[in-house]
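A short worksheet on the structure shown next.
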Amino acid sequence: MNAATCTSGKGSGPADARRPQSLPSVPARETVSMADTLVLSPDALPDRDLGQAELRELVASVAANTQLWREHVGFDDDGRHYVCLHRDAHVDIWVLCWTARNDTGWHDHDISSGAVAVVQGRLAEHTLAVGAPSITTEIDAGRVISFGPDHIHRLTGVDGGSVSIHAYSPPLWRLGRYAVAASGVLTRTSVSYADELRPAENGVPG
């Protein structure tokens with residue numbers, strides 16, 4: 001795996017079956033077990049963008065091979081510790097480390113689909129809802145979620161010392177960060193994938 005072009009710090013591939021618009025997905029309520037996930041090796045990736053099912057297989061495979069990420073684990077209450085493990089034209093793979101104080105804030109992944117495997121501890125996924133409180137679901141170690149580019153969420157650490165593996169396809173370049181303006185209008189700011197996601201000062205309520 002090649003991390004030479006990745007930044008570390010404190011799509012349009014095969015489409016998965018779509019749910020009807022009246023039944024929106026809450027990814028953290030549809031987790032799968034890493035033990036039940038087929039393996040897609042990071043050393044034998046197809047020369048194309050990956051769909052959500054393939055991204056789930058990929059993060060489960062990387063999570064199971066601790067030699068790929070264990071040396072990069074570290075924790076910081078003031079900023080999430082993360083390292084890019086691999087990046088090519090079609091996918092990027094990251095290890096993210098969490099304390100109970102770490103919070104991404106509300107964001108999307110622009111044109112990229114993604115998958116997350118929790119390998120240690122617990123995370124909480126918060127799904128943005130309009131006119132209702134956000135939906136919060138805990139993700140235990142050994143579970144995998146995936147989502148499309150239309151998904152808006154926020155991830156927070158539940159247990160100190162939590163670790164997760166993330167993969168995105170096409171690889172991240174820009175993300176959208178959400179906040180509420182003084183007028184009450186929801187705003188989206190485009191940010192670089194290399195910047196750490198943090199809650200906006202005027203973050204979305206709920």
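Identifiers in this document derive from the order of the structure tokens: chains are assigned A, B, ..., residues are numbered from 1 separately in each chain, and ligands are numbered from 1 in order of occurrence.
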So that I can see what lies close to Ser169 in chain A, please list as an mmCIF file with N, CA and C atoms, in the first residue's frame the residues with an atom at most 6 Å from it, counting only C-alpha atoms and leaving out residues fewer than 5 positions away in the same chain.
data_model
loop_
_atom_site.group_PDB
_atom_site.id
_atom_site.type_symbol
_atom_site.label_atom_id
_atom_site.label_comp_id
_atom_site.auth_asym_id
_atom_site.auth_seq_id
_atom_site.Cartn_x
_atom_site.Cartn_y
_atom_site.Cartn_z
ATOM 1 N N GLY A 11 -18.372 7.677 -5.917
ATOM 2 C CA GLY A 11 -18.564 7.906 -7.090
ATOM 3 C C GLY A 11 -19.179 7.256 -8.266
ATOM 4 N N ASP A 49 -13.323 2.908 -9.924
ATOM 5 C CA ASP A 49 -13.902 3.309 -8.649
ATOM 6 C C ASP A 49 -14.671 2.139 -8.038
ATOM 7 N N LEU A 50 -14.803 2.152 -6.719
ATOM 8 C CA LEU A 50 -15.444 1.062 -5.991
ATOM 9 C C LEU A 50 -16.846 1.454 -5.539
ATOM 10 N N HIS A 90 -8.390 5.798 -7.657
ATOM 11 C CA HIS A 90 -9.753 5.329 -7.445
ATOM 12 C C HIS A 90 -10.181 5.214 -5.987
ATOM 13 N N VAL A 91 -9.233 5.184 -5.045
ATOM 14 C CA VAL A 91 -9.616 4.967 -3.647
ATOM 15 C C VAL A 91 -8.536 5.502 -2.715
ATOM 16 N N SER A 112 -17.776 11.371 -3.239
ATOM 17 C CA SER A 112 -17.232 10.064 -2.865
ATOM 18 C C SER A 112 -18.203 9.255 -2.009
ATOM 19 N N SER A 113 -18.260 7.944 -2.273
ATOM 20 C CA SER A 113 -18.880 7.003 -1.345
ATOM 21 C C SER A 113 -17.827 6.578 -0.325
#
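Considering only range 36-192 of chain A, backbone DSSP assigns alpha helix (DSSP H) to Gln52, Ala53, Glu54, Leu55, Arg56, Glu57, Leu58, Val59, Ala60, Ser61, Val62, Ala63 and Ala64 of chain A.
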File of the preceding selection, N, CA and C atoms, as a short mmCIF file (atom, residue, chain, number, x, y, z; two decimals), in the first residue's frame:
data_model
loop_
_atom_site.label_atom_id
_atom_site.label_comp_id
_atom_site.auth_asym_id
_atom_site.auth_seq_id
_atom_site.Cartn_x
_atom_site.Cartn_y
_atom_site.Cartn_z
N GLN A 52 -20.18 0.71 -2.80
CA GLN A 52 -20.24 0.62 -1.33
C GLN A 52 -19.93 -0.77 -0.81
N ALA A 53 -20.44 -1.81 -1.47
CA ALA A 53 -20.17 -3.18 -1.00
C ALA A 53 -18.68 -3.47 -1.05
N GLU A 54 -18.01 -3.02 -2.11
CA GLU A 54 -16.56 -3.24 -2.23
C GLU A 54 -15.80 -2.43 -1.19
N LEU A 55 -16.25 -1.23 -0.90
CA LEU A 55 -15.60 -0.43 0.14
C LEU A 55 -15.73 -1.09 1.51
N ARG A 56 -16.89 -1.69 1.78
CA ARG A 56 -17.04 -2.43 3.05
C ARG A 56 -16.05 -3.58 3.12
N GLU A 57 -15.90 -4.31 2.02
CA GLU A 57 -14.93 -5.42 2.00
C GLU A 57 -13.51 -4.91 2.21
N LEU A 58 -13.20 -3.77 1.59
CA LEU A 58 -11.85 -3.24 1.68
C LEU A 58 -11.50 -2.81 3.10
N VAL A 59 -12.38 -2.05 3.77
CA VAL A 59 -12.05 -1.62 5.14
C VAL A 59 -12.00 -2.79 6.10
N ALA A 60 -12.84 -3.80 5.87
CA ALA A 60 -12.79 -4.99 6.73
C ALA A 60 -11.47 -5.72 6.55
N SER A 61 -10.98 -5.79 5.31
CA SER A 61 -9.71 -6.45 5.02
C SER A 61 -8.55 -5.72 5.67
N VAL A 62 -8.53 -4.39 5.54
CA VAL A 62 -7.45 -3.60 6.13
C VAL A 62 -7.52 -3.68 7.66
N ALA A 63 -8.72 -3.59 8.21
CA ALA A 63 -8.88 -3.66 9.66
C ALA A 63 -8.34 -4.97 10.23
N ALA A 64 -8.55 -6.06 9.50
CA ALA A 64 -8.12 -7.37 9.97
C ALA A 64 -6.60 -7.53 9.93
#
| said: For a test of reading the model, state the distance in Å between CA of Val83 in chain A and CA of Asp103 in chain A, rounded to one decimal. | reply: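 Those two atoms sit 16.6 Å apart.
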| said: Between A:His86, A:His107, A:Arg122, A:Arg29, which residue has the minimum interatomic distance to Asp159 in chain A, considering only C-alpha atoms? | reply: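 Among the listed residues, A:Arg122 lies closest to Asp159 in chain A.
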| For Ala141 in chain A, the nearest of the candidates A:Ala35, A:Gly74, A:Ala181, A:Val26, counting only C-alpha atoms | A:Ala35
Each residue of range 36-123 of chain A with at least one atom at most 8 Å from range 151-158 of chain A should appear once, together with its nearest atom pair and the corresponding distance in Å (one decimal); atoms considered: only C-alpha atoms; ordering: chain, then increasing residue number; output as CSV.
residue,atom,partner,partner_atom,distance
A:Trp98,CA,A:Gly157,CA,5.3
A:Thr99,CA,A:Gly157,CA,5.4
A:Ala100,CA,A:Gly157,CA,4.5
A:Arg101,CA,A:Gly157,CA,6.5
A:Asn102,CA,A:Gly157,CA,5.6
A:Asp103,CA,A:Thr156,CA,4.5
A:Thr104,CA,A:Leu155,CA,5.6
A:Gly105,CA,A:Arg154,CA,5.2
A:Trp106,CA,A:Arg154,CA,4.6
A:His107,CA,A:Ile152,CA,5.6
A:Asp108,CA,A:Ile152,CA,4.8
A:His109,CA,A:His151,CA,7.8
A:Gly121,CA,A:Val158,CA,7.5
A:Arg122,CA,A:Val158,CA,5.3
A:Leu123,CA,A:Gly157,CA,4.7
| task | Identify, with DSSP run on backbone atoms, the residues in range 86-176 of chain A assigned to strand (DSSP E or B), and express the list as a PyMOL selection string. | result | chain A and resi 86-87+92-98+103+107-108+113-120+122-127+135-140+143-147+153-157+162-169+174-176
| query | Any idea what the distance is between CA of His126 in chain A and CA of Ile145 in chain A? | reply | 12.8 Å
| said: For Ala179 in chain A, find every residue with an atom within 9 Å (counting only C-alpha atoms), except residues of its own chain fewer than 3 positions away, and show them as a list of chain:residue names. | reply: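 Answer for this query is A:Gly105, A:Trp106, A:Val185, A:Leu186, A:Thr187, A:Arg188, A:Thr189, A:Pro199, A:Ala200, A:Glu201, A:Asn202, A:Gly203, A:Val204, A:Pro205.
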| Could you state the separation of CA of Pro46 in chain A and CA of Glu30 in chain A in Å, given to one decimal place? |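 The value is 25.6 Å.
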| said: Report as a list in words all protein, DNA and RNA residues lying within 9 Å of Tyr193 in chain A, evaluated on only C-alpha atoms, omitting residues in the same chain fewer than 5 positions from it. | reply: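 The residues that qualify are Thr7, His109, Leu172, Trp173, Arg174 and Leu175 of chain A.
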